[in-house]
Amino acid sequence: MNFNEVDVLFAEEEIQEKVAQLGRQITADYKGEDLLVVGILKGAFIFMADLVRKIDIPLELDFMSVSSYGTSTTSSGEVRIMKDLDYSIENKSVLIVEDIVDTGLTLNYICEILKKRDPKSVKICCLLDKPSRRKSPIRPDYVGYSIPDEFVVGYGLDYAGQYRGYPAVCILKPSVYEK
Ligand code: IMP
């Protein structure tokens, strides 16, 4: 990690404990249900990989990829599906896994689409939540950490395609994106 560019917000070990906690809660809540975990690419890939290994009930996986128009640090709410789900979600308990909920516009759009497909339920699990920036009624059901309005990278999250592989969640120093 390049510490001239980032400050660590949540270290690797701390994140693993939080993910295990979320996994235990989800395991308890979904016992006996047909759980389908839907990861939103690309940001959720690391969180989802860790999370599903902490959920101790049978589950299926699927992925969706969306692109939202906006600047590199904010989304506009105009969303396009780049990759849709491979399978039907009818009568399934769908758990959407997202890296971060910011304005909530992206997830609002995704939830609206998925709810039209007759799932049993649709819930949201995100590692990070920035509630102060919300512009939609989205309220995640499982949240790792609520964070202030800072731009974060690492553990799957990127800035301009970079930093996704950093093992910690880090605050990107404004000097990097204000260049
Ligand atoms: P929303 O539609 O504003 O909630 O945006 C959600 C998406 O914006 C996330 O899935 C991320 O891809 C991206 N995003 C929002 N905040 C951050 C951040 O602090 N770091 C990296 N990506 C972010």
# chains A, B, ... in the order shown; residues from 1 in each chain; ligands from 1
call {"tool": "residues_near_ligand", "arguments": {"ligand": "ligand 1", "cutoff": "9 Å", "atoms": "only C-alpha atoms and all ligand atoms", "output": "NGL selection string"}}
result
:A and (40-44 or 67-68 or 72-79 or 98-109 or 128-130 or 133-136 or 138 or 149-154 or 156-159 or 171-172)
call {"tool": "residues_around", "arguments": {"residues": "Leu9 of chain A", "least_positions_apart": "5", "cutoff": "8 Å", "atoms": "only C-alpha atoms", "output": "list of chain:residue names"}}
result
A:Ala168, A:Val169, A:Cys170, A:Ile171
call {"tool": "write_last_selection", "arguments": {"atoms": "all heavy atoms", "output": "PDB file, in the first residue's frame"}}
result
ATOM      1  N   ALA A 168      -6.790  -3.534   3.187  1.00  0.00           N
ATOM      2  CA  ALA A 168      -7.502  -2.716   4.183  1.00  0.00           C
ATOM      3  C   ALA A 168      -8.454  -1.762   3.463  1.00  0.00           C
ATOM      4  O   ALA A 168      -8.293  -1.488   2.277  1.00  0.00           O
ATOM      5  CB  ALA A 168      -6.495  -1.912   4.998  1.00  0.00           C
ATOM      6  N   VAL A 169      -9.456  -1.260   4.210  1.00  0.00           N
ATOM      7  CA  VAL A 169     -10.272  -0.162   3.680  1.00  0.00           C
ATOM      8  C   VAL A 169      -9.550   1.129   4.068  1.00  0.00           C
ATOM      9  O   VAL A 169      -9.246   1.345   5.248  1.00  0.00           O
ATOM     10  CB  VAL A 169     -11.696  -0.174   4.275  1.00  0.00           C
ATOM     11  CG1 VAL A 169     -12.457   1.098   3.880  1.00  0.00           C
ATOM     12  CG2 VAL A 169     -12.471  -1.406   3.792  1.00  0.00           C
ATOM     13  N   CYS A 170      -9.272   1.950   3.066  1.00  0.00           N
ATOM     14  CA  CYS A 170      -8.457   3.137   3.306  1.00  0.00           C
ATOM     15  C   CYS A 170      -9.146   4.396   2.800  1.00  0.00           C
ATOM     16  O   CYS A 170      -9.897   4.350   1.822  1.00  0.00           O
ATOM     17  CB  CYS A 170      -7.141   3.044   2.535  1.00  0.00           C
ATOM     18  SG  CYS A 170      -6.200   1.558   2.864  1.00  0.00           S
ATOM     19  N   ILE A 171      -8.871   5.507   3.469  1.00  0.00           N
ATOM     20  CA  ILE A 171      -9.339   6.805   2.967  1.00  0.00           C
ATOM     21  C   ILE A 171      -8.323   7.295   1.942  1.00  0.00           C
ATOM     22  O   ILE A 171      -7.122   7.341   2.219  1.00  0.00           O
ATOM     23  CB  ILE A 171      -9.476   7.820   4.115  1.00  0.00           C
ATOM     24  CG1 ILE A 171     -10.567   7.347   5.089  1.00  0.00           C
ATOM     25  CG2 ILE A 171      -9.788   9.213   3.577  1.00  0.00           C
ATOM     26  CD1 ILE A 171     -10.733   8.218   6.320  1.00  0.00           C
TER      27      ILE A 171
END
call {"tool": "atom_distance", "arguments": {"atom1": "atom CA of Tyr166 of chain A", "atom2": "atom CA of Met64 of chain A"}}
result
22.7 Å
call {"tool": "select_by_dssp", "arguments": {"residues": "segment 13-66 of chain A", "states": "strand (DSSP E or B)", "output": "list in words"}}
result
Leu35, Leu36, Val37, Val38, Gly39, Ile40, Leu41, Leu59, Glu60, Leu61, Asp62, Phe63, Met64, Ser65 and Val66 of chain A
call {"tool": "residues_around", "arguments": {"residues": "Ile55 of chain A", "least_positions_apart": "4", "cutoff": "10 Å", "atoms": "only C-alpha atoms", "output": "list of chain:residue names"}}
result
A:Val19, A:Ala20, A:Gln21, A:Leu22, A:Gly23, A:Arg24, A:Gln25, A:Ile26, A:Thr27, A:Ala28, A:Tyr30, A:Asp50, A:Leu51, A:Leu59
call {"tool": "write_last_selection", "arguments": {"atoms": "C-alpha atoms", "output": "PDB file, in the first residue's frame"}}
result
ATOM      1  CA  VAL A  19     -17.437 -10.105   8.129  1.00  0.00           C
ATOM      2  CA  ALA A  20     -17.629 -13.134  10.444  1.00  0.00           C
ATOM      3  CA  GLN A  21     -20.175 -11.276  12.594  1.00  0.00           C
ATOM      4  CA  LEU A  22     -22.299 -10.450   9.541  1.00  0.00           C
ATOM      5  CA  GLY A  23     -22.042 -14.077   8.397  1.00  0.00           C
ATOM      6  CA  ARG A  24     -23.322 -15.351  11.749  1.00  0.00           C
ATOM      7  CA  GLN A  25     -26.260 -12.952  11.673  1.00  0.00           C
ATOM      8  CA  ILE A  26     -27.178 -13.895   8.096  1.00  0.00           C
ATOM      9  CA  THR A  27     -26.842 -17.620   8.905  1.00  0.00           C
ATOM     10  CA  ALA A  28     -29.307 -17.241  11.760  1.00  0.00           C
ATOM     11  CA  TYR A  30     -31.920 -17.295   6.674  1.00  0.00           C
ATOM     12  CA  ASP A  50     -15.152 -13.568   2.374  1.00  0.00           C
ATOM     13  CA  LEU A  51     -18.784 -13.253   3.437  1.00  0.00           C
ATOM     14  CA  LEU A  59     -26.678 -20.933  -0.731  1.00  0.00           C
TER      15      LEU A  59
END
call {"tool": "select_by_dssp", "arguments": {"residues": "segment 87-158 of chain A", "states": "helix (DSSP H, G or I)", "output": "list in words"}}
result
Leu105, Thr106, Leu107, Asn108, Tyr109, Ile110, Cys111, Glu112, Ile113, Leu114, Lys115, Pro131, Ser132 and Arg133 of chain A
call {"tool": "atom_distance", "arguments": {"atom1": "atom CA of Ser93 of chain A", "atom2": "atom CA of Glu14 of chain A"}}
result
28.5 Å
call {"tool": "residues_around", "arguments": {"residues": "Leu95 of chain A", "least_positions_apart": "4", "cutoff": "8 Å", "atoms": "only C-alpha atoms", "output": "PyMOL selection string"}}
result
chain A and resi 35-38+122-125
call {"tool": "write_last_selection", "arguments": {"atoms": "N, CA and C atoms", "output": "tab-separated table (two decimals), in the first residue's frame"}}
result
chain	number	residue	atom	x	y	z
A	35	LEU	N	-31.52	-19.42	-0.11
A	35	LEU	CA	-30.78	-18.15	-0.16
A	35	LEU	C	-29.99	-18.02	-1.46
A	36	LEU	N	-30.20	-16.89	-2.12
A	36	LEU	CA	-29.42	-16.56	-3.31
A	36	LEU	C	-28.66	-15.27	-3.03
A	37	VAL	N	-27.34	-15.37	-3.01
A	37	VAL	CA	-26.51	-14.20	-2.74
A	37	VAL	C	-26.10	-13.57	-4.07
A	38	VAL	N	-26.46	-12.30	-4.24
A	38	VAL	CA	-26.19	-11.60	-5.50
A	38	VAL	C	-25.12	-10.54	-5.27
A	122	VAL	N	-36.11	-9.45	-0.84
A	122	VAL	CA	-34.85	-8.84	-1.29
A	122	VAL	C	-34.29	-8.03	-0.13
A	123	LYS	N	-33.10	-8.41	0.31
A	123	LYS	CA	-32.44	-7.65	1.37
A	123	LYS	C	-31.05	-7.23	0.89
A	124	ILE	N	-30.47	-6.30	1.62
A	124	ILE	CA	-29.18	-5.74	1.22
A	124	ILE	C	-28.15	-5.89	2.34
A	125	CYS	N	-26.97	-6.36	1.96
A	125	CYS	CA	-25.85	-6.39	2.90
A	125	CYS	C	-24.72	-5.58	2.30
call {"tool": "atom_distance", "arguments": {"atom1": "atom CA of Glu178 of chain A", "atom2": "atom CA of Pro148 of chain A"}}
result
19.0 Å
call {"tool": "closest_residue", "arguments": {"among": "A:Ile46, A:Leu114, A:Val52, A:Val8", "to": "Ser88 of chain A", "atoms": "only C-alpha atoms"}}
result
A:Leu114
call {"tool": "residues_around", "arguments": {"residues": "Lys120 of chain A", "least_positions_apart": "2", "cutoff": "9 Å", "atoms": "only C-alpha atoms", "output": "list in words"}}
result
Ile89, Glu90, Asn91, Lys92, Ser93, Val94, Lys115, Asp118 and Val122 of chain A
call {"tool": "closest_residue", "arguments": {"among": "A:Phe63, A:Tyr163, A:Phe45, A:Phe10", "to": "Tyr145 of chain A", "atoms": "only C-alpha atoms"}}
result
A:Phe10
call {"tool": "closest_residue", "arguments": {"among": "A:Ser146, A:Ser65, A:Gln16, A:Ser121", "to": "Asp34 of chain A", "atoms": "only C-alpha atoms"}}
result
A:Ser121
